[in-house]
$ cat input_15.tsv   # TSV, C-alpha atoms (C1' of nucleotides)
chain	number	residue	atom	x	y	z
N	1	MET	CA	48.69	127.42	116.74
N	2	SER	CA	46.52	130.25	118.05
N	3	GLU	CA	43.17	129.74	119.75
N	4	ASN	CA	41.41	131.57	116.93
N	5	ARG	CA	42.86	129.25	114.35
N	6	ILE	CA	41.77	126.21	116.33
N	7	ARG	CA	38.22	127.56	116.50
N	8	ASP	CA	38.22	128.52	112.81
N	9	LEU	CA	39.35	125.04	111.83
N	10	PHE	CA	36.32	123.52	113.52
N	11	ASP	CA	33.98	125.91	111.74
N	12	HIS	CA	35.45	125.09	108.35
N	13	LEU	CA	35.38	121.34	108.95
N	14	TYR	CA	31.81	121.40	110.23
N	15	LEU	CA	30.66	123.52	107.30
N	16	ALA	CA	32.34	121.13	104.87
N	17	PHE	CA	31.37	117.77	106.37
N	18	GLY	CA	28.50	118.38	108.79
N	19	PRO	CA	27.80	116.34	111.94
N	20	GLN	CA	29.60	112.99	112.07
N	21	ASP	CA	27.63	111.26	114.85
N	22	TRP	CA	30.39	109.13	116.25
N	23	TRP	CA	29.11	106.45	118.61
N	24	PRO	CA	25.61	107.99	118.73
N	25	ALA	CA	23.47	106.63	121.57
N	26	SER	CA	25.65	103.58	122.08
N	27	ASP	CA	26.11	101.52	125.21
N	28	PRO	CA	29.02	103.05	127.18
N	29	PHE	CA	30.65	99.67	127.78
N	30	GLU	CA	30.51	98.89	124.09
N	31	VAL	CA	32.14	102.24	123.34
N	32	ILE	CA	34.99	101.41	125.72
N	33	VAL	CA	35.46	98.02	124.08
N	34	GLY	CA	35.48	99.70	120.69
N	35	ALA	CA	38.02	102.28	121.84
N	36	ILE	CA	40.41	99.50	122.85
N	37	LEU	CA	39.80	97.30	119.81
N	38	THR	CA	40.35	100.13	117.33
N	39	GLN	CA	43.87	100.82	118.57
N	40	ARG	CA	46.11	100.83	115.51
N	41	THR	CA	43.46	99.21	113.32
N	42	THR	CA	40.60	100.34	111.12
N	43	TRP	CA	37.21	100.91	112.65
N	44	GLN	CA	35.82	98.40	110.17
N	45	ASN	CA	37.91	95.62	111.68
N	46	ALA	CA	37.13	96.71	115.23
N	47	GLU	CA	33.45	96.70	114.39
N	48	GLN	CA	33.65	93.15	113.09
N	49	ALA	CA	35.40	92.11	116.30
N	50	ILE	CA	32.60	93.69	118.35
N	51	ARG	CA	30.01	91.78	116.32
N	52	ARG	CA	31.82	88.53	117.03
N	53	LEU	CA	31.99	89.37	120.74
N	54	ARG	CA	28.24	89.91	120.74
N	55	GLU	CA	27.59	86.66	118.88
N	56	SER	CA	29.75	84.88	121.44
N	57	GLY	CA	27.89	86.48	124.33
N	58	LEU	CA	31.04	88.30	125.38
N	59	LEU	CA	29.87	91.89	125.15
N	60	SER	CA	29.72	92.60	128.87
N	61	ALA	CA	32.23	93.13	131.63
N	62	LYS	CA	31.01	90.05	133.47
N	63	ALA	CA	31.23	87.77	130.42
N	64	ILE	CA	34.68	89.02	129.45
N	65	GLY	CA	35.85	88.68	133.03
N	66	ASP	CA	34.65	85.08	133.26
N	67	ALA	CA	35.89	83.99	129.83
N	68	SER	CA	39.40	82.78	129.12
N	69	VAL	CA	41.78	85.08	127.26
N	70	GLU	CA	41.88	82.47	124.52
N	71	ARG	CA	38.13	82.66	123.97
N	72	VAL	CA	38.10	86.44	123.99
N	73	ALA	CA	41.12	86.49	121.68
N	74	GLU	CA	39.45	84.19	119.17
N	75	ALA	CA	36.37	86.42	119.06
N	76	ILE	CA	38.29	89.63	118.42
N	77	ARG	CA	40.81	88.20	115.96
N	78	PRO	CA	39.74	90.47	113.06
N	79	ALA	CA	40.86	93.53	115.03
N	80	GLY	CA	44.50	92.50	114.97
N	81	PHE	CA	46.91	92.30	117.94
N	82	TYR	CA	44.20	90.02	119.23
N	83	ILE	CA	46.10	88.31	122.02
N	84	SER	CA	47.27	91.52	123.65
N	85	LYS	CA	43.91	93.21	123.07
N	86	ALA	CA	42.16	90.27	124.74
N	87	GLY	CA	44.39	90.91	127.75
N	88	LYS	CA	43.44	94.57	127.65
N	89	LEU	CA	39.71	93.80	127.59
N	90	LYS	CA	40.06	91.41	130.50
N	91	ALA	CA	42.16	93.96	132.37
N	92	PHE	CA	39.41	96.55	132.02
N	93	ALA	CA	36.73	94.04	132.99
N	94	ALA	CA	38.70	93.12	136.12
N	95	PHE	CA	39.29	96.77	136.94
N	96	LEU	CA	35.60	97.57	136.59
N	97	ASP	CA	34.57	94.60	138.70
N	98	GLU	CA	37.10	95.13	141.48
N	99	ARG	CA	37.06	98.91	141.71
N	100	HIS	CA	33.54	99.86	140.62
N	101	ASP	CA	31.25	96.94	141.34
N	102	GLY	CA	31.24	96.10	137.65
N	103	GLU	CA	29.17	99.19	136.87
N	104	VAL	CA	30.28	101.72	134.30
N	105	GLY	CA	27.99	104.21	136.00
N	106	ARG	CA	30.07	103.97	139.17
N	107	LEU	CA	33.27	104.47	137.22
N	108	PHE	CA	31.87	107.59	135.57
N	109	ALA	CA	30.66	109.08	138.86
N	110	ARG	CA	33.62	111.42	139.33
N	111	SER	CA	35.17	114.46	137.72
N	112	ALA	CA	36.67	114.32	134.24
N	113	ASP	CA	40.20	114.80	135.55
N	114	GLU	CA	39.88	112.12	138.20
N	115	LEU	CA	38.32	109.70	135.75
N	116	ARG	CA	41.08	110.33	133.24
N	117	GLU	CA	43.79	109.67	135.80
N	118	GLU	CA	42.12	106.47	136.90
N	119	LEU	CA	41.64	105.20	133.35
N	120	LEU	CA	45.34	105.73	132.70
N	121	THR	CA	46.18	103.23	135.45
N	122	VAL	CA	44.35	100.46	133.59
N	123	PHE	CA	46.51	98.17	131.47
N	124	GLY	CA	45.85	98.87	127.80
N	125	ILE	CA	44.42	102.36	128.25
N	126	GLY	CA	46.80	105.13	127.19
N	127	GLU	CA	46.12	108.82	126.70
N	128	GLU	CA	44.26	108.62	123.42
N	129	THR	CA	42.05	105.74	124.49
N	130	ALA	CA	41.34	107.45	127.83
N	131	ASP	CA	40.26	110.62	126.06
N	132	ALA	CA	38.09	108.69	123.62
N	133	ILE	CA	36.38	107.01	126.57
N	134	LEU	CA	35.89	110.35	128.34
N	135	VAL	CA	34.31	112.03	125.33
N	136	TYR	CA	32.37	109.24	123.64
N	137	ALA	CA	31.47	106.94	126.53
N	138	ALA	CA	31.41	109.08	129.69
N	139	GLY	CA	30.21	112.31	128.09
N	140	LYS	CA	32.91	114.29	129.86
N	141	PRO	CA	34.93	117.10	128.24
N	142	SER	CA	38.33	116.12	126.86
N	143	PHE	CA	40.05	116.03	123.49
N	144	VAL	CA	41.45	113.14	121.46
N	145	ILE	CA	44.81	113.62	119.78
N	146	ASP	CA	45.51	110.90	117.24
N	147	ALA	CA	47.54	110.29	114.08
N	148	TYR	CA	44.97	112.15	111.97
N	149	THR	CA	45.20	115.19	114.22
N	150	ARG	CA	48.99	115.33	114.11
N	151	ARG	CA	49.00	114.83	110.34
N	152	LEU	CA	46.54	117.65	109.72
N	153	LEU	CA	48.26	120.06	112.11
N	154	SER	CA	51.60	119.26	110.50
N	155	ARG	CA	50.26	119.85	107.01
N	156	LEU	CA	48.75	123.13	108.15
N	157	GLY	CA	52.20	124.09	109.39
N	158	TRP	CA	50.87	124.65	112.91
N	159	ILE	CA	53.14	122.15	114.64
N	160	ALA	CA	56.56	120.63	114.04
N	161	GLY	CA	55.31	117.12	114.76
N	162	LYS	CA	57.13	116.07	117.91
N	163	GLU	CA	54.95	117.92	120.41
N	164	PRO	CA	53.91	115.85	123.44
N	165	TYR	CA	50.34	114.58	123.53
N	166	ARG	CA	49.44	116.61	126.60
N	167	ASP	CA	50.59	119.86	124.97
N	168	LEU	CA	48.37	119.45	121.92
N	169	ARG	CA	45.43	118.31	124.02
N	170	GLY	CA	45.90	121.32	126.28
N	171	GLU	CA	45.90	123.76	123.39
N	172	PHE	CA	42.62	122.42	122.03
N	173	LEU	CA	40.97	122.38	125.44
N	174	ASP	CA	42.12	125.94	126.17
N	175	ALA	CA	40.81	127.19	122.85
N	176	LEU	CA	37.44	125.46	122.93
N	177	PRO	CA	34.36	125.57	125.18
N	178	SER	CA	33.81	122.63	127.56
N	179	ASP	CA	31.10	121.25	125.33
N	180	VAL	CA	31.40	117.46	125.03
N	181	GLY	CA	29.31	117.47	121.88
N	182	LEU	CA	31.57	119.94	120.17
N	183	LEU	CA	34.79	118.31	121.37
N	184	GLY	CA	33.68	114.91	120.16
N	185	GLU	CA	32.44	116.33	116.88
N	186	TYR	CA	35.74	118.12	116.33
N	187	HIS	CA	37.84	114.99	116.57
N	188	ALA	CA	35.42	113.06	114.38
N	189	LEU	CA	35.62	115.82	111.77
N	190	ILE	CA	39.43	115.70	111.81
N	191	VAL	CA	39.27	111.97	111.08
N	192	ARG	CA	36.61	112.51	108.42
N	193	HIS	CA	38.80	115.10	106.72
N	194	GLY	CA	41.86	112.90	106.96
N	195	LYS	CA	40.16	110.00	105.25
N	196	ALA	CA	39.06	112.21	102.40
N	197	HIS	CA	42.20	114.23	101.81
N	198	CYS	CA	45.25	113.86	103.94
N	199	ARG	CA	46.23	110.21	103.62
N	200	SER	CA	45.12	108.30	100.56
N	201	ASN	CA	44.54	111.33	98.40
N	202	PRO	CA	46.32	114.49	99.60
N	203	ASP	CA	44.47	116.66	97.14
N	204	CYS	CA	44.93	119.91	99.00
N	205	ASP	CA	43.67	122.04	96.15
N	206	ARG	CA	40.19	120.62	96.66
N	207	CYS	CA	40.48	120.44	100.44
N	208	PRO	CA	37.58	122.24	102.14
N	209	VAL	CA	39.86	123.68	104.81
N	210	ARG	CA	42.55	124.99	102.48
N	211	SER	CA	41.42	128.57	103.11
N	212	ILE	CA	42.62	128.53	106.70
N	213	CYS	CA	46.04	127.36	105.71
N	214	ALA	CA	48.95	129.77	105.71
N	215	ALA	CA	49.82	130.69	102.13
N	216	GLY	CA	51.28	127.76	100.29
N	217	VAL	CA	51.90	125.60	103.32
N	218	LEU	CA	49.69	122.74	102.23
N	219	ARG	CA	51.05	122.75	98.71
N	220	GLY	CA	54.63	122.93	100.00
N	221	GLN	CA	54.06	120.04	102.41
N	222	ARG	CA	52.57	117.91	99.69
N	223	GLU	CA	55.46	118.55	97.29
N	224	ALA	CA	57.99	117.90	100.02
N	225	GLU	CA	56.50	114.49	100.71
N	226	ARG	CA	57.05	113.30	97.15
Z	227	DA	C1'	53.63	93.00	97.51
Z	228	DA	C1'	54.83	96.49	100.54
Z	229	DC	C1'	52.35	99.61	103.30
Z	230	DC	C1'	49.19	101.21	106.74
Z	231	DA	C1'	45.06	101.51	109.99
Z	232	DG	C1'	40.91	106.24	115.08
Z	233	DG	C1'	48.13	102.86	120.24
Z	234	DA	C1'	50.17	101.08	124.22
Z	235	DA	C1'	53.51	98.44	126.89
Z	236	DT	C1'	58.06	97.28	127.61
Z	237	DG	C1'	63.04	97.66	127.48
Z	238	DT	C1'	67.20	100.27	126.94
Z	239	DA	C1'	70.35	104.35	127.67
R	240	DT	C1'	63.04	111.92	128.98
R	241	DA	C1'	63.63	109.91	124.42
R	242	DC	C1'	63.72	106.38	121.17
R	243	DA	C1'	63.27	101.41	119.41
R	244	DT	C1'	60.71	97.10	119.36
R	245	DT	C1'	56.64	94.13	119.66
R	246	DC	C1'	51.98	93.02	118.86
R	247	DA	C1'	48.91	90.94	113.86
R	248	DT	C1'	44.62	91.03	110.84
R	249	DG	C1'	42.63	92.92	106.61
R	250	DG	C1'	42.34	96.11	102.85
R	251	DT	C1'	44.86	98.75	98.94

$ encode --input "input_15.tsv" --output "structure tokens"
Amino acid sequence: MSENRIRDLFDHLYLAFGPQDWWPASDPFEVIVGAILTQRTTWQNAEQAIRRLRESGLLSAKAIGDASVERVAEAIRPAGFYISKAGKLKAFAAFLDERHDGEVGRLFARSADELREELLTVFGIGEETADAILVYAAGKPSFVIDAYTRRLLSRLGWIAGKEPYRDLRGEFLDALPSDVGLLGEYHALIVRHGKAHCRSNPDCDRCPVRSICAAGVLRGQREAER
DNA sequence: AACCAGGAATGTA
DNA sequence: TACATTCATGGT
């Protein structure tokens, strides 16, 4: 997985799919809530859960902090894992209130590395969610490694599949400029590509990024999975 | 009617 | 460190 290949992949994806506009001009707190709710569920279900939070007047750190876990859980039920996710939302609300005066702006007032480390101490926020918050809510450079990313890199033959999260993240960050817009766009494009080709319909012959693939790797992977 | 979706925490060895 | 289990709704 050379740096040139990582940069080429972005160019091909962007040419094929164009800008994805993930979480464009959204409220940072809402982005954080969405990042937690979408864990291991579709964005469609997470979005419905966010709507229900809003209708219940629970789309703020204060409201979530004051509400019972049962009430929060009932609102976010469509997102799945709703009891544990309600605990995660309340954990973040409590963290924000106790450590940052309930202001997301205070939380974000530090370097990307420090913010990342701090987010990882919050119950319910792991590496992927922390990186999503950094890129899409805080506007700080980082890179999200998710199931789509691993699947694509595996099908390209660039990784074996068992590489630690931090290794893959490090390779992308080393290869790319510290441009939050680009980093966020890149991950969104990987997901966009995955939805179109890699999962439901692994039609690699029509895949817009097939040209960057080592000869026959995509075809071989696809056959091997049957 | 299995299978999976923009994971993370917890427990065990 | 590495691997298994649990959490759970909604769409194919």

$ residues_near_point --input "input_15.tsv" --point "(39.1, 106.4, 116.5)" --cutoff "7 Å" --atoms "all atoms listed in the file" --output "list in words"
Ala35, Thr38 and Trp43 of chain N; DG232 of chain Z

$ residues_around --input "input_15.tsv" --residues "Z:DG233" --least-positions-apart "4" --cutoff "10 Å" --atoms "all atoms listed in the file" --output "PyMOL selection string"
chain N and resi 36+38-41+124-129+146-147

$ residues_near_point --input "input_15.tsv" --point "(25.2, 111.9, 113.6)" --cutoff "12 Å" --atoms "only C-alpha atoms (C1' of nucleotides)" --output "PyMOL selection string"
chain N and resi 17-26+181+184-185+188-189

$ axis_aligned_box --input "input_15.tsv" --around "stretch 164-169 of chain N" --padding-each-side "8 Å" --output "lines of an AutoDock Vina configuration file"
center_x = 49.7
center_y = 117.2
center_z = 124.3
size_x = 24.5
size_y = 21.3
size_z = 20.7

$ closest_atom_pairs --input "input_15.tsv" --of "chain Z" --to "chain N" --cutoff "12 Å" --atoms "only C-alpha atoms (C1' of nucleotides)" --output "JSON lines"
{"residue": "Z:DC229", "atom": "C1'", "partner": "N:Ser200", "partner_atom": "CA", "distance": 11.6}
{"residue": "Z:DC230", "atom": "C1'", "partner": "N:Thr41", "partner_atom": "CA", "distance": 9.0}
{"residue": "Z:DA231", "atom": "C1'", "partner": "N:Thr41", "partner_atom": "CA", "distance": 4.4}
{"residue": "Z:DG232", "atom": "C1'", "partner": "N:Thr38", "partner_atom": "CA", "distance": 6.5}
{"residue": "Z:DG233", "atom": "C1'", "partner": "N:Gln39", "partner_atom": "CA", "distance": 5.0}
{"residue": "Z:DA234", "atom": "C1'", "partner": "N:Gly124", "partner_atom": "CA", "distance": 6.0}
{"residue": "Z:DA235", "atom": "C1'", "partner": "N:Gly124", "partner_atom": "CA", "distance": 7.7}

$ interface_residues --input "input_15.tsv" --of "chain R" --to "chain N" --cutoff "6 Å" --atoms "only C-alpha atoms (C1' of nucleotides)" --output "PyMOL selection string"
chain R and resi 246-248

$ atom_distance --input "input_15.tsv" --atom1 "atom CA of N:Ile133" --atom2 "atom CA of N:Val31"
7.2 Å

$ atom_distance --input "input_15.tsv" --atom1 "atom CA of N:Asp101" --atom2 "atom CA of N:Gln48"
28.6 Å

$ atom_distance --input "input_15.tsv" --atom1 "atom C1' of Z:DG237" --atom2 "atom C1' of R:DT244"
8.5 Å
